[in-house]
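Okay, so here's the structure we're looking at.
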Amino acid sequence: MKQEEFASLEKALNSWRDKRDFFEVEKVETADPEQKYSLHRKIKECNENINRLEAEISERQKKANNSTSLPFQIPFILPQKDVSSFTGRDEELQQLQELLIHRQGTKLCSIAGLAGTGGIGKSALACHFATLHKADFPDGVIGLRVDGKDADTIARDFARRCGEEVEPEDERDAKTIMQDVFAHRRILLIFDNAEDANIIKELYPDGNRCAVIITTRDRFLSISLDIPDQGRIEVKPLSKPESLLLLQKLLGEKRVAAEPEISEEIIELAGYLPLALQIIGAALKSNLNRRLADYAASLREERRRLERLRVAKDEHWDVRACFSLSLKELQPEQIDFFSCLSVCAEDGFSRRSATATGNYSDEYTAQDDLDWLCRFSLLNYAEVGENRFVFHPLIRAFAHELAVERGLRDDAATRHAEFFINLVKSSDVGFVDSAIAEDINGIILVADWLQHQQSPDYEFAFRLQEFFEKYGYWKQAVAFMFRFQLLAERFEDWELVVKFRIQQAKYLSLEKQYLNAEVVLAPISGILQKIEIQATRHRYHAKWLTTLGSIQWRQHKLDQAVDTLKQALAIQELLDEPDGLSIVLNSLGSALQKQSKLAEAVDAFHRQIEISQQFDD
């Protein structure tokens, strides 16, 4: 059969399909029984003509082929073959269905853009959708990787996969080829791993029959292609339940159920990234006797995590190689910036801290490159806060590896730490408080840096103590004071070791973690003997007992609390320090009151009031 005859029959076939689609929509929307019956008859007529034309096309194809020729087959070609373990993405699948199948009225070729980081499952989503809805595309599905290819090569490849061989001497451009071959077909085309919006624009089939899915790491590409908002889908990591389900599909329910807590840790270490979970599944399936706990232990070391998230000699099953593809979109100085940002806090960081860490002269220059990193899915805009950014955990590990390889990590960490040290010591209190709150976990990292540098900057710690207590950041305060406790122990500053332990205990008690608070206080009895100045030793002894007694009281250990606080009171009376006496008397009075020893409680409170009045005078 000649090509023009085939095209004429297909055009007629598609016309009847369009009519049927229109009548079916009308039938659903009308409530008039007579009109419904009329539309039913019209739909039946359309189906009869569709069946007739499909049979005629099939018969002519058989006659046109000689005995040695292969019969024409509707193409079903996917860029990713195996989607058997595909999990979740119900919302995205529904969105694609609404965009590409449930269409009403006449419109140009429907397009959906799937964007997201490497390994997130964009191609798998497109392929799974195509598999689910194969019947909705009677002329087939063709999906090809398009990265690194020019428009002419891509157009000819798509046409060939549809059975249309374009001769080398054919002078039609890419757009004309795509329109001639696909505009009249009810077919789904997948442009996988698209990079250049200008090339994709040349490949639009146009018409009102064809559907297109574009997968890309470039979040801006869909905007460049004028894809409407509802057609731009950001593919994010799997949810926790979806990740566990995927792990069950890969390893079997029994194996996951045997080590449930470890299974949850594994999906967290994988960052809920489908590619990483697939690699983990492949590694564990190849060794059925290996416990999940043993494998999880190998992933805990962040420096070597990406090394283990790969299948040897297969670049398609290698998380690091997958991320590396995004680097070709960056300039060398942007790669350096990306690498340096790995020293920032895991839960996110401000533009201000990124500017300092990357050694930029101003925030808006840094913003340009931050936007670029976000565009190519190497960084994400934080969901909470203004001008804040966050890494996917595995991409942060990738950036960390690059920083080490390029010799940038130490200088970046120094700039990061010095920025926060100078910020905290700034005299502009209002500004400092808001800036600290914005980057609190980044500031806690400074304590680790000071430990590594063996630099006990206690002024920095005491300034932050005021902030913690003013705004109630108890959890962060415990983590921060613990690091400075370790620093003080290294330098044998025993007075400060006791001080930092007491502070931790106070913050833990405010979080109602009383047992942990007692554990933190327990070693102080031995540490006190290392404080050489007697008055100082007694002062911290009293503070330790006062803190311990208050924690015991909060746990309703009233006898212990009263005994401990009376010991503290005896020491404070020897020291004759009004402030310390007032604090211990107040705590003792409260404990006695709980014991219903009201006379003693009143006596303690009266003494406390007298001391406070004298102190005020």
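Going through the structure tokens in order, the chains are called A, B, and so on, while each chain numbers its residues from 1 and the ligands are numbered from 1 in the order shown.
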**Q.** Those in range 297-450 of chain A with strand (DSSP E) from DSSP, as a PyMOL selection string
**A.** chain A and resi 310-311+314-318+349-350+380-381+388-390
For the residues in that selection, give me all heavy atoms as a compact mmCIF listing (two decimals), in the first residue's frame.
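Saved file again-v8.txt follows:
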# COMPACT_ATOMS: atom_id res chain seq x y z
N ARG A 310 26.14 1.33 44.23
CA ARG A 310 26.44 1.10 42.82
C ARG A 310 26.53 -0.39 42.56
O ARG A 310 26.80 -1.18 43.47
CB ARG A 310 27.75 1.77 42.41
CG ARG A 310 28.97 1.28 43.17
CD ARG A 310 30.21 2.10 42.85
NE ARG A 310 30.66 1.87 41.51
CZ ARG A 310 31.55 0.92 41.18
NH1 ARG A 310 32.06 0.12 42.11
NH2 ARG A 310 31.94 0.76 39.93
N VAL A 311 26.25 -0.74 41.31
CA VAL A 311 26.48 -2.11 40.85
C VAL A 311 27.71 -2.05 39.96
O VAL A 311 27.75 -1.28 38.99
CB VAL A 311 25.26 -2.65 40.07
CG1 VAL A 311 25.57 -4.01 39.47
CG2 VAL A 311 24.05 -2.73 40.99
N ASP A 314 28.42 -1.08 35.89
CA ASP A 314 27.12 -0.73 35.28
C ASP A 314 26.80 0.71 35.66
O ASP A 314 26.32 0.99 36.75
CB ASP A 314 26.03 -1.67 35.77
CG ASP A 314 24.71 -1.49 34.99
OD1 ASP A 314 24.53 -0.41 34.38
OD2 ASP A 314 23.88 -2.41 35.02
N GLU A 315 27.05 1.64 34.75
CA GLU A 315 26.87 3.06 35.05
C GLU A 315 25.41 3.44 35.25
O GLU A 315 25.10 4.47 35.86
CB GLU A 315 27.47 3.92 33.93
CG GLU A 315 26.80 3.75 32.59
CD GLU A 315 27.43 4.63 31.52
OE1 GLU A 315 28.53 5.14 31.73
OE2 GLU A 315 26.79 4.80 30.46
N HIS A 316 24.49 2.60 34.77
CA HIS A 316 23.08 2.90 34.96
C HIS A 316 22.62 2.55 36.38
O HIS A 316 21.54 2.97 36.80
CB HIS A 316 22.24 2.12 33.94
CG HIS A 316 22.55 2.50 32.52
ND1 HIS A 316 22.30 3.75 32.02
CD2 HIS A 316 23.10 1.78 31.50
CE1 HIS A 316 22.68 3.80 30.74
NE2 HIS A 316 23.17 2.62 30.41
N TRP A 317 23.43 1.79 37.11
CA TRP A 317 23.12 1.41 38.49
C TRP A 317 24.20 1.97 39.40
O TRP A 317 24.83 1.24 40.17
CB TRP A 317 23.01 -0.11 38.62
CG TRP A 317 21.80 -0.66 37.96
CD1 TRP A 317 21.60 -0.85 36.63
CD2 TRP A 317 20.60 -1.07 38.60
NE1 TRP A 317 20.35 -1.37 36.41
CE2 TRP A 317 19.71 -1.52 37.60
CE3 TRP A 317 20.18 -1.12 39.93
CZ2 TRP A 317 18.43 -1.99 37.88
CZ3 TRP A 317 18.91 -1.60 40.21
CH2 TRP A 317 18.05 -2.02 39.19
N ASP A 318 24.41 3.25 39.29
CA ASP A 318 25.48 3.92 40.05
C ASP A 318 24.97 5.31 40.41
O ASP A 318 24.83 6.18 39.55
CB ASP A 318 26.74 4.01 39.18
CG ASP A 318 27.94 4.57 39.94
OD1 ASP A 318 27.73 5.38 40.87
OD2 ASP A 318 29.08 4.21 39.60
N PHE A 349 20.00 25.62 54.83
CA PHE A 349 20.87 26.77 55.14
C PHE A 349 20.35 28.00 54.41
O PHE A 349 19.62 27.90 53.41
CB PHE A 349 22.31 26.48 54.74
CG PHE A 349 22.47 25.95 53.33
CD1 PHE A 349 22.64 26.80 52.25
CD2 PHE A 349 22.43 24.58 53.09
CE1 PHE A 349 22.78 26.31 50.96
CE2 PHE A 349 22.55 24.07 51.80
CZ PHE A 349 22.73 24.94 50.73
N SER A 350 20.71 29.14 54.94
CA SER A 350 20.24 30.41 54.38
C SER A 350 21.13 30.86 53.22
O SER A 350 22.27 30.40 53.07
CB SER A 350 20.25 31.49 55.47
OG SER A 350 21.58 31.78 55.86
N ASN A 380 17.66 22.08 46.34
CA ASN A 380 16.22 22.36 46.40
C ASN A 380 15.95 23.63 47.20
O ASN A 380 16.67 23.92 48.16
CB ASN A 380 15.48 21.20 47.08
CG ASN A 380 15.63 19.90 46.31
OD1 ASN A 380 15.38 19.85 45.11
ND2 ASN A 380 16.04 18.86 46.99
N TYR A 381 14.93 24.36 46.80
CA TYR A 381 14.46 25.46 47.63
C TYR A 381 13.77 24.84 48.85
O TYR A 381 12.97 23.93 48.72
CB TYR A 381 13.47 26.33 46.87
CG TYR A 381 14.06 27.01 45.65
CD1 TYR A 381 13.75 26.55 44.38
CD2 TYR A 381 14.92 28.10 45.77
CE1 TYR A 381 14.29 27.15 43.23
CE2 TYR A 381 15.46 28.70 44.64
CZ TYR A 381 15.14 28.23 43.39
OH TYR A 381 15.68 28.83 42.28
N ARG A 388 16.02 30.07 51.58
CA ARG A 388 16.68 28.93 52.21
C ARG A 388 16.75 27.77 51.23
O ARG A 388 15.87 27.62 50.36
CB ARG A 388 15.94 28.49 53.48
CG ARG A 388 16.14 29.43 54.64
CD ARG A 388 15.49 28.89 55.92
NE ARG A 388 16.01 27.58 56.30
CZ ARG A 388 17.18 27.39 56.90
NH1 ARG A 388 17.95 28.42 57.17
NH2 ARG A 388 17.57 26.17 57.24
N PHE A 389 17.78 26.94 51.41
CA PHE A 389 18.03 25.85 50.47
C PHE A 389 18.37 24.58 51.24
O PHE A 389 18.84 24.63 52.38
CB PHE A 389 19.19 26.24 49.54
CG PHE A 389 18.95 27.52 48.82
CD1 PHE A 389 19.30 28.74 49.40
CD2 PHE A 389 18.34 27.54 47.58
CE1 PHE A 389 19.05 29.95 48.75
CE2 PHE A 389 18.09 28.74 46.93
CZ PHE A 389 18.45 29.94 47.51
N VAL A 390 18.14 23.44 50.57
CA VAL A 390 18.42 22.16 51.23
C VAL A 390 18.84 21.14 50.18
O VAL A 390 18.32 21.13 49.05
CB VAL A 390 17.18 21.67 52.03
CG1 VAL A 390 16.00 21.39 51.11
CG2 VAL A 390 17.51 20.46 52.87
For range 462-466 of chain A, please output as a short mmCIF file (atom, residue, chain, number, x, y, z; two decimals) with all heavy atoms, in the first residue's frame all residues within 12 Å (counting only C-alpha atoms; exclusion window: fewer than 4 positions along the same chain).
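This is the output file selection_18.cif:
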data_model
loop_
_atom_site.label_atom_id
_atom_site.label_comp_id
_atom_site.auth_asym_id
_atom_site.auth_seq_id
_atom_site.Cartn_x
_atom_site.Cartn_y
_atom_site.Cartn_z
N PHE A 420 29.74 32.43 61.17
CA PHE A 420 28.82 32.32 62.29
C PHE A 420 29.43 32.83 63.59
O PHE A 420 28.74 33.42 64.43
CB PHE A 420 28.33 30.88 62.45
CG PHE A 420 27.31 30.49 61.44
CD1 PHE A 420 27.55 29.45 60.55
CD2 PHE A 420 26.10 31.16 61.34
CE1 PHE A 420 26.60 29.08 59.60
CE2 PHE A 420 25.15 30.81 60.40
CZ PHE A 420 25.40 29.77 59.52
N ILE A 421 30.70 32.62 63.78
CA ILE A 421 31.37 33.13 64.99
C ILE A 421 31.27 34.65 65.03
O ILE A 421 30.92 35.25 66.05
CB ILE A 421 32.83 32.66 65.05
CG1 ILE A 421 32.88 31.14 65.32
CG2 ILE A 421 33.60 33.41 66.15
CD1 ILE A 421 34.26 30.54 65.15
N ASN A 422 31.57 35.28 63.90
CA ASN A 422 31.49 36.75 63.83
C ASN A 422 30.05 37.23 63.97
O ASN A 422 29.79 38.27 64.59
CB ASN A 422 32.09 37.23 62.50
CG ASN A 422 33.58 36.99 62.41
OD1 ASN A 422 34.27 36.97 63.43
ND2 ASN A 422 34.08 36.79 61.20
N LEU A 423 29.12 36.46 63.41
CA LEU A 423 27.71 36.82 63.50
C LEU A 423 27.24 36.81 64.96
O LEU A 423 26.62 37.76 65.44
CB LEU A 423 26.87 35.85 62.68
CG LEU A 423 25.36 35.98 62.81
CD1 LEU A 423 24.89 37.28 62.16
CD2 LEU A 423 24.65 34.79 62.15
N VAL A 424 27.55 35.73 65.68
CA VAL A 424 27.09 35.58 67.06
C VAL A 424 27.69 36.65 67.96
O VAL A 424 27.04 37.14 68.90
CB VAL A 424 27.43 34.17 67.58
CG1 VAL A 424 27.20 34.07 69.08
CG2 VAL A 424 26.57 33.13 66.85
N LYS A 425 28.93 37.06 67.67
CA LYS A 425 29.60 38.06 68.50
C LYS A 425 29.25 39.49 68.10
O LYS A 425 29.73 40.45 68.71
CB LYS A 425 31.11 37.87 68.43
CG LYS A 425 31.59 36.57 69.08
CD LYS A 425 33.10 36.43 68.97
CE LYS A 425 33.60 35.15 69.61
NZ LYS A 425 35.07 35.02 69.50
N SER A 426 28.41 39.62 67.08
CA SER A 426 28.03 40.95 66.63
C SER A 426 27.22 41.66 67.71
O SER A 426 26.52 41.06 68.51
CB SER A 426 27.20 40.84 65.35
OG SER A 426 26.62 42.08 65.02
N SER A 427 27.27 42.98 67.70
CA SER A 427 26.56 43.78 68.70
C SER A 427 25.12 44.09 68.31
O SER A 427 24.34 44.56 69.12
CB SER A 427 27.31 45.10 68.94
OG SER A 427 27.41 45.83 67.71
N VAL A 429 21.97 43.04 68.25
CA VAL A 429 21.28 41.93 68.89
C VAL A 429 20.04 41.48 68.12
O VAL A 429 19.82 40.28 67.89
CB VAL A 429 20.90 42.28 70.34
CG1 VAL A 429 20.12 41.14 70.97
CG2 VAL A 429 22.15 42.59 71.14
N VAL A 432 21.03 39.70 64.99
CA VAL A 432 21.73 38.46 65.31
C VAL A 432 20.76 37.37 65.72
O VAL A 432 20.86 36.23 65.28
CB VAL A 432 22.79 38.70 66.41
CG1 VAL A 432 23.35 37.39 66.90
CG2 VAL A 432 23.91 39.58 65.89
N ASP A 433 19.79 37.71 66.56
CA ASP A 433 18.84 36.70 67.03
C ASP A 433 18.08 36.06 65.86
O ASP A 433 17.92 34.84 65.81
CB ASP A 433 17.85 37.32 68.01
CG ASP A 433 18.44 37.48 69.40
OD1 ASP A 433 19.62 37.10 69.59
OD2 ASP A 433 17.74 37.98 70.29
N ILE A 436 20.52 33.88 63.83
CA ILE A 436 20.85 32.64 64.53
C ILE A 436 19.69 31.65 64.41
O ILE A 436 19.89 30.47 64.12
CB ILE A 436 21.15 32.91 66.02
CG1 ILE A 436 22.47 33.68 66.16
CG2 ILE A 436 21.23 31.60 66.80
CD1 ILE A 436 22.76 34.13 67.58
N ALA A 437 18.47 32.13 64.63
CA ALA A 437 17.30 31.26 64.53
C ALA A 437 17.18 30.66 63.13
O ALA A 437 16.79 29.50 62.96
CB ALA A 437 16.04 32.05 64.86
N ILE A 440 20.24 27.84 62.94
CA ILE A 440 20.64 27.30 64.24
C ILE A 440 21.46 26.02 64.11
O ILE A 440 22.46 25.83 64.82
CB ILE A 440 19.40 27.09 65.14
CG1 ILE A 440 19.84 26.72 66.55
CG2 ILE A 440 18.46 26.08 64.55
CD1 ILE A 440 20.56 27.80 67.29
N ILE A 443 24.96 26.68 63.00
CA ILE A 443 25.77 27.22 64.10
C ILE A 443 26.27 26.10 65.01
O ILE A 443 27.41 26.14 65.49
CB ILE A 443 24.96 28.27 64.88
CG1 ILE A 443 24.79 29.53 64.02
CG2 ILE A 443 25.60 28.61 66.21
CD1 ILE A 443 23.86 30.56 64.57
N ILE A 444 25.45 25.08 65.21
CA ILE A 444 25.89 23.95 66.03
C ILE A 444 27.09 23.25 65.37
O ILE A 444 27.99 22.75 66.06
CB ILE A 444 24.72 22.97 66.26
CG1 ILE A 444 23.70 23.63 67.20
CG2 ILE A 444 25.20 21.65 66.84
CD1 ILE A 444 22.43 22.85 67.38
N VAL A 446 29.45 24.67 64.04
CA VAL A 446 30.66 25.45 64.37
C VAL A 446 31.38 24.84 65.58
O VAL A 446 32.60 24.83 65.64
CB VAL A 446 30.30 26.93 64.64
CG1 VAL A 446 31.54 27.72 65.06
CG2 VAL A 446 29.66 27.55 63.40
N ALA A 447 30.61 24.30 66.52
CA ALA A 447 31.23 23.66 67.69
C ALA A 447 32.08 22.47 67.26
O ALA A 447 33.16 22.23 67.81
CB ALA A 447 30.16 23.23 68.68
N PRO A 456 39.14 26.56 71.72
CA PRO A 456 38.05 26.71 72.70
C PRO A 456 37.52 28.14 72.79
O PRO A 456 37.88 28.91 73.71
CB PRO A 456 38.71 26.28 74.01
CG PRO A 456 40.14 26.65 73.84
CD PRO A 456 40.46 26.48 72.38
N ASP A 457 36.68 28.52 71.85
CA ASP A 457 36.13 29.88 71.84
C ASP A 457 34.90 29.91 72.76
O ASP A 457 33.76 29.82 72.31
CB ASP A 457 35.76 30.28 70.41
CG ASP A 457 35.43 31.75 70.28
OD1 ASP A 457 35.05 32.36 71.30
OD2 ASP A 457 35.51 32.29 69.17
N TYR A 458 35.14 30.07 74.06
CA TYR A 458 34.05 29.99 75.02
C TYR A 458 33.14 31.21 74.97
O TYR A 458 31.95 31.13 75.31
CB TYR A 458 34.60 29.82 76.43
CG TYR A 458 35.39 28.54 76.59
CD1 TYR A 458 36.70 28.55 77.09
CD2 TYR A 458 34.84 27.32 76.22
CE1 TYR A 458 37.42 27.37 77.22
CE2 TYR A 458 35.56 26.14 76.35
CZ TYR A 458 36.85 26.16 76.85
OH TYR A 458 37.56 25.00 76.98
N LYS A 470 16.76 32.42 75.92
CA LYS A 470 15.79 33.46 75.60
C LYS A 470 14.65 32.91 74.75
O LYS A 470 13.48 33.27 74.94
CB LYS A 470 16.49 34.61 74.87
CG LYS A 470 15.59 35.79 74.53
CD LYS A 470 16.41 36.89 73.87
CE LYS A 470 15.54 38.09 73.48
NZ LYS A 470 16.34 39.16 72.83
N TYR A 471 14.99 32.00 73.81
CA TYR A 471 13.98 31.53 72.85
C TYR A 471 13.59 30.06 73.04
O TYR A 471 12.75 29.54 72.31
CB TYR A 471 14.48 31.74 71.41
CG TYR A 471 14.62 33.20 71.07
CD1 TYR A 471 15.87 33.82 71.10
CD2 TYR A 471 13.50 33.97 70.75
CE1 TYR A 471 16.00 35.18 70.80
CE2 TYR A 471 13.63 35.32 70.45
CZ TYR A 471 14.88 35.92 70.49
OH TYR A 471 15.01 37.26 70.20
N GLY A 472 14.19 29.38 74.02
CA GLY A 472 13.78 28.01 74.34
C GLY A 472 14.20 26.96 73.34
O GLY A 472 13.46 25.99 73.12
N TYR A 473 15.38 27.11 72.73
CA TYR A 473 15.89 26.09 71.81
C TYR A 473 16.62 25.02 72.63
O TYR A 473 17.84 24.87 72.56
CB TYR A 473 16.85 26.72 70.80
CG TYR A 473 16.17 27.48 69.69
CD1 TYR A 473 15.70 28.77 69.88
CD2 TYR A 473 16.00 26.91 68.43
CE1 TYR A 473 15.08 29.48 68.86
CE2 TYR A 473 15.38 27.59 67.40
CZ TYR A 473 14.93 28.89 67.62
OH TYR A 473 14.32 29.57 66.60
N TRP A 474 15.86 24.24 73.41
CA TRP A 474 16.50 23.34 74.37
C TRP A 474 17.22 22.19 73.69
O TRP A 474 18.33 21.82 74.10
CB TRP A 474 15.45 22.80 75.35
CG TRP A 474 14.60 23.86 75.97
CD1 TRP A 474 13.25 23.90 76.03
CD2 TRP A 474 15.06 25.05 76.66
NE1 TRP A 474 12.81 25.03 76.67
CE2 TRP A 474 13.91 25.76 77.07
CE3 TRP A 474 16.30 25.59 76.93
CZ2 TRP A 474 13.97 26.96 77.76
CZ3 TRP A 474 16.37 26.80 77.62
CH2 TRP A 474 15.23 27.47 78.02
N GLN A 476 18.56 22.00 70.68
CA GLN A 476 19.80 22.47 70.06
C GLN A 476 20.82 22.87 71.11
O GLN A 476 22.03 22.69 70.93
CB GLN A 476 19.49 23.66 69.14
CG GLN A 476 18.67 23.31 67.90
CD GLN A 476 17.18 23.37 68.15
OE1 GLN A 476 16.72 23.37 69.30
NE2 GLN A 476 16.40 23.41 67.07
N ALA A 477 20.33 23.41 72.24
CA ALA A 477 21.23 23.82 73.31
C ALA A 477 21.98 22.63 73.89
O ALA A 477 23.18 22.71 74.19
CB ALA A 477 20.45 24.55 74.40
N VAL A 478 21.28 21.52 74.08
CA VAL A 478 21.93 20.31 74.61
C VAL A 478 23.04 19.85 73.67
O VAL A 478 24.16 19.56 74.11
CB VAL A 478 20.89 19.18 74.81
CG1 VAL A 478 21.59 17.86 75.13
CG2 VAL A 478 19.92 19.53 75.93
N ALA A 479 22.72 19.78 72.36
CA ALA A 479 23.73 19.34 71.38
C ALA A 479 24.94 20.27 71.38
O ALA A 479 26.09 19.83 71.32
CB ALA A 479 23.10 19.28 69.99
N PHE A 480 24.68 21.57 71.46
CA PHE A 480 25.76 22.55 71.41
C PHE A 480 26.63 22.47 72.66
O PHE A 480 27.86 22.44 72.58
CB PHE A 480 25.15 23.95 71.28
CG PHE A 480 26.15 25.03 71.07
CD1 PHE A 480 26.67 25.27 69.82
CD2 PHE A 480 26.58 25.83 72.13
CE1 PHE A 480 27.60 26.28 69.61
CE2 PHE A 480 27.50 26.83 71.94
CZ PHE A 480 28.01 27.05 70.67
N MET A 481 26.00 22.43 73.86
CA MET A 481 26.76 22.40 75.10
C MET A 481 27.55 21.10 75.25
O MET A 481 28.64 21.09 75.83
CB MET A 481 25.82 22.58 76.30
CG MET A 481 25.21 23.97 76.39
SD MET A 481 26.49 25.25 76.51
CE MET A 481 25.52 26.73 76.24
N PHE A 484 30.79 21.60 73.46
CA PHE A 484 31.73 22.44 74.21
C PHE A 484 32.21 21.74 75.48
O PHE A 484 33.32 22.00 75.94
CB PHE A 484 31.10 23.80 74.51
CG PHE A 484 31.38 24.80 73.45
CD1 PHE A 484 30.54 24.93 72.36
CD2 PHE A 484 32.52 25.58 73.50
CE1 PHE A 484 30.82 25.84 71.35
CE2 PHE A 484 32.82 26.50 72.50
CZ PHE A 484 31.97 26.63 71.42
N LEU A 496 34.80 24.58 83.50
CA LEU A 496 33.88 24.73 82.38
C LEU A 496 33.22 23.40 82.02
O LEU A 496 32.07 23.38 81.55
CB LEU A 496 34.60 25.31 81.17
CG LEU A 496 35.02 26.78 81.32
CD1 LEU A 496 35.87 27.22 80.15
CD2 LEU A 496 33.77 27.66 81.41
N LYS A 499 30.37 23.29 84.26
CA LYS A 499 29.39 24.30 83.84
C LYS A 499 28.57 23.81 82.64
O LYS A 499 27.33 23.92 82.64
CB LYS A 499 30.13 25.60 83.47
CG LYS A 499 29.20 26.74 83.07
CD LYS A 499 30.03 27.98 82.74
CE LYS A 499 29.15 29.12 82.28
NZ LYS A 499 28.25 29.61 83.36
N PHE A 500 29.26 23.25 81.64
CA PHE A 500 28.55 22.79 80.45
C PHE A 500 27.67 21.58 80.76
O PHE A 500 26.60 21.42 80.17
CB PHE A 500 29.54 22.46 79.34
CG PHE A 500 30.20 23.69 78.74
CD1 PHE A 500 31.59 23.76 78.60
CD2 PHE A 500 29.45 24.78 78.34
CE1 PHE A 500 32.20 24.88 78.06
CE2 PHE A 500 30.05 25.90 77.79
CZ PHE A 500 31.43 25.96 77.66
N GLN A 503 24.54 22.92 82.45
CA GLN A 503 23.67 23.56 81.47
C GLN A 503 22.90 22.51 80.67
O GLN A 503 21.70 22.64 80.44
CB GLN A 503 24.48 24.44 80.52
CG GLN A 503 25.04 25.70 81.17
CD GLN A 503 23.96 26.55 81.80
OE1 GLN A 503 24.05 26.92 82.97
NE2 GLN A 503 22.94 26.86 81.03
N GLN A 504 23.60 21.45 80.27
CA GLN A 504 22.91 20.38 79.52
C GLN A 504 21.78 19.78 80.36
O GLN A 504 20.68 19.54 79.85
CB GLN A 504 23.90 19.27 79.17
CG GLN A 504 24.90 19.63 78.08
CD GLN A 504 25.89 18.49 77.89
OE1 GLN A 504 25.53 17.43 77.41
NE2 GLN A 504 27.14 18.71 78.27
N LYS A 506 20.07 21.13 82.78
CA LYS A 506 18.95 22.07 82.88
C LYS A 506 18.08 22.02 81.63
O LYS A 506 16.86 22.00 81.70
CB LYS A 506 19.48 23.49 83.10
CG LYS A 506 20.04 23.75 84.49
CD LYS A 506 20.53 25.18 84.60
CE LYS A 506 21.06 25.50 86.00
NZ LYS A 506 21.58 26.89 86.08
N TYR A 507 18.74 22.01 80.46
CA TYR A 507 17.99 22.01 79.20
C TYR A 507 17.24 20.68 79.03
O TYR A 507 16.10 20.66 78.54
CB TYR A 507 18.93 22.25 78.02
CG TYR A 507 19.67 23.57 78.10
CD1 TYR A 507 20.97 23.69 77.62
CD2 TYR A 507 19.08 24.70 78.65
CE1 TYR A 507 21.66 24.90 77.69
CE2 TYR A 507 19.76 25.91 78.73
CZ TYR A 507 21.05 26.00 78.26
OH TYR A 507 21.73 27.19 78.33
#
(Q) Would you pick out the contacts of Arg89 in chain A at 9 Å or less, using only C-alpha atoms, so that residues sharing its chain but fewer than 4 positions from it are not included, and give the list as number ranges by chain? (A) A: 93-94, 125, 235, 238, 242
(Q) As an exercise, work out the distance from CA of Leu39 in chain A to CA of Glu26 in chain A in Å and give it to one decimal place. (A) 7.6 Å
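If only C-alpha atoms are the atoms counted, then among A:Asn193, A:Thr87, A:Gln451, A:Thr176 the closest residue to Ser239 in chain A is A:Thr87.
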Q) Taking only C-alpha atoms into account, which of A:Arg396, A:Trp449, A:Gly385, A:Cys374 comes nearest Ser342 in chain A? A) A:Arg396
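With only C-alpha atoms taken into account, the protein and nucleic acid residues at most 10 Å from Phe137 in chain A (excluding it and anything under 4 positions from it in its own chain) are Ile74, Phe76, Ile101, Ala130, His133, Val141, Arg185, Arg186, Ile187, Leu188, Arg209, Cys210 and Ala211 of chain A.
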Generate a file of the selected residues that holds N, CA and C atoms, formatted as a compact mmCIF listing (two decimals), in the first residue's frame.
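Saved as result22.txt:
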# COMPACT_ATOMS: atom_id res chain seq x y z
N ILE A 74 2.34 -2.44 15.91
CA ILE A 74 2.21 -1.17 16.62
C ILE A 74 3.38 -1.05 17.59
N PHE A 76 5.77 -0.35 20.69
CA PHE A 76 5.71 -0.10 22.13
C PHE A 76 7.16 -0.16 22.63
N ILE A 101 -4.89 11.96 28.63
CA ILE A 101 -5.94 11.03 28.19
C ILE A 101 -7.32 11.64 28.32
N ALA A 130 2.92 4.75 30.61
CA ALA A 130 2.72 4.22 29.26
C ALA A 130 2.23 2.76 29.30
N HIS A 133 -1.47 2.60 30.38
CA HIS A 133 -2.43 3.20 29.46
C HIS A 133 -2.11 2.86 28.00
N VAL A 141 3.38 3.52 21.50
CA VAL A 141 4.19 4.31 22.43
C VAL A 141 5.63 4.21 21.98
N ARG A 185 -1.52 10.71 14.42
CA ARG A 185 -1.57 9.44 15.16
C ARG A 185 -1.95 9.66 16.62
N ARG A 186 -2.71 8.71 17.17
CA ARG A 186 -2.98 8.68 18.61
C ARG A 186 -1.84 7.87 19.24
N ILE A 187 -0.76 8.55 19.55
CA ILE A 187 0.46 7.89 19.99
C ILE A 187 1.06 8.68 21.15
N LEU A 188 1.80 8.01 22.00
CA LEU A 188 2.51 8.67 23.10
C LEU A 188 4.00 8.66 22.79
N ARG A 209 -3.77 14.91 18.22
CA ARG A 209 -3.84 13.47 18.43
C ARG A 209 -2.74 12.96 19.37
N CYS A 210 -1.57 13.47 19.18
CA CYS A 210 -0.38 12.94 19.83
C CYS A 210 -0.24 13.47 21.26
N ALA A 211 0.38 12.66 22.12
CA ALA A 211 0.68 13.08 23.49
C ALA A 211 2.19 12.95 23.71
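Note that CA of Leu250 in chain A and CA of Leu277 in chain A are 8.6 Å apart.
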Q.
From the options A:Leu379, A:Ala155, A:Leu246, A:Ala197, which residue's atoms come nearest to Thr117 in chain A, counting only C-alpha atoms?
A. A:Leu379
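Rounded to one decimal, CA of Val384 in chain A and CA of Leu114 in chain A lie 23.4 Å from each other.
Closest to Val166 in chain A among A:Arg554, A:Ser339, A:Asp180, A:Ile267 is A:Asp180, based on only C-alpha atoms.
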Residue neighbourhood Leu588 in chain A, 7 Å, only C-alpha atoms, exclusion window fewer than 5 positions, as a JSON list (two decimals) with C-alpha atoms, in the first residue's frame:
[["chain", "number", "residue", "atom", "x", "y", "z"],
["A", 562, "VAL", "CA", 15.16, 17.60, 99.99],
["A", 565, "LEU", "CA", 19.06, 20.54, 98.31],
["A", 604, "ALA", "CA", 12.82, 28.55, 103.48]]
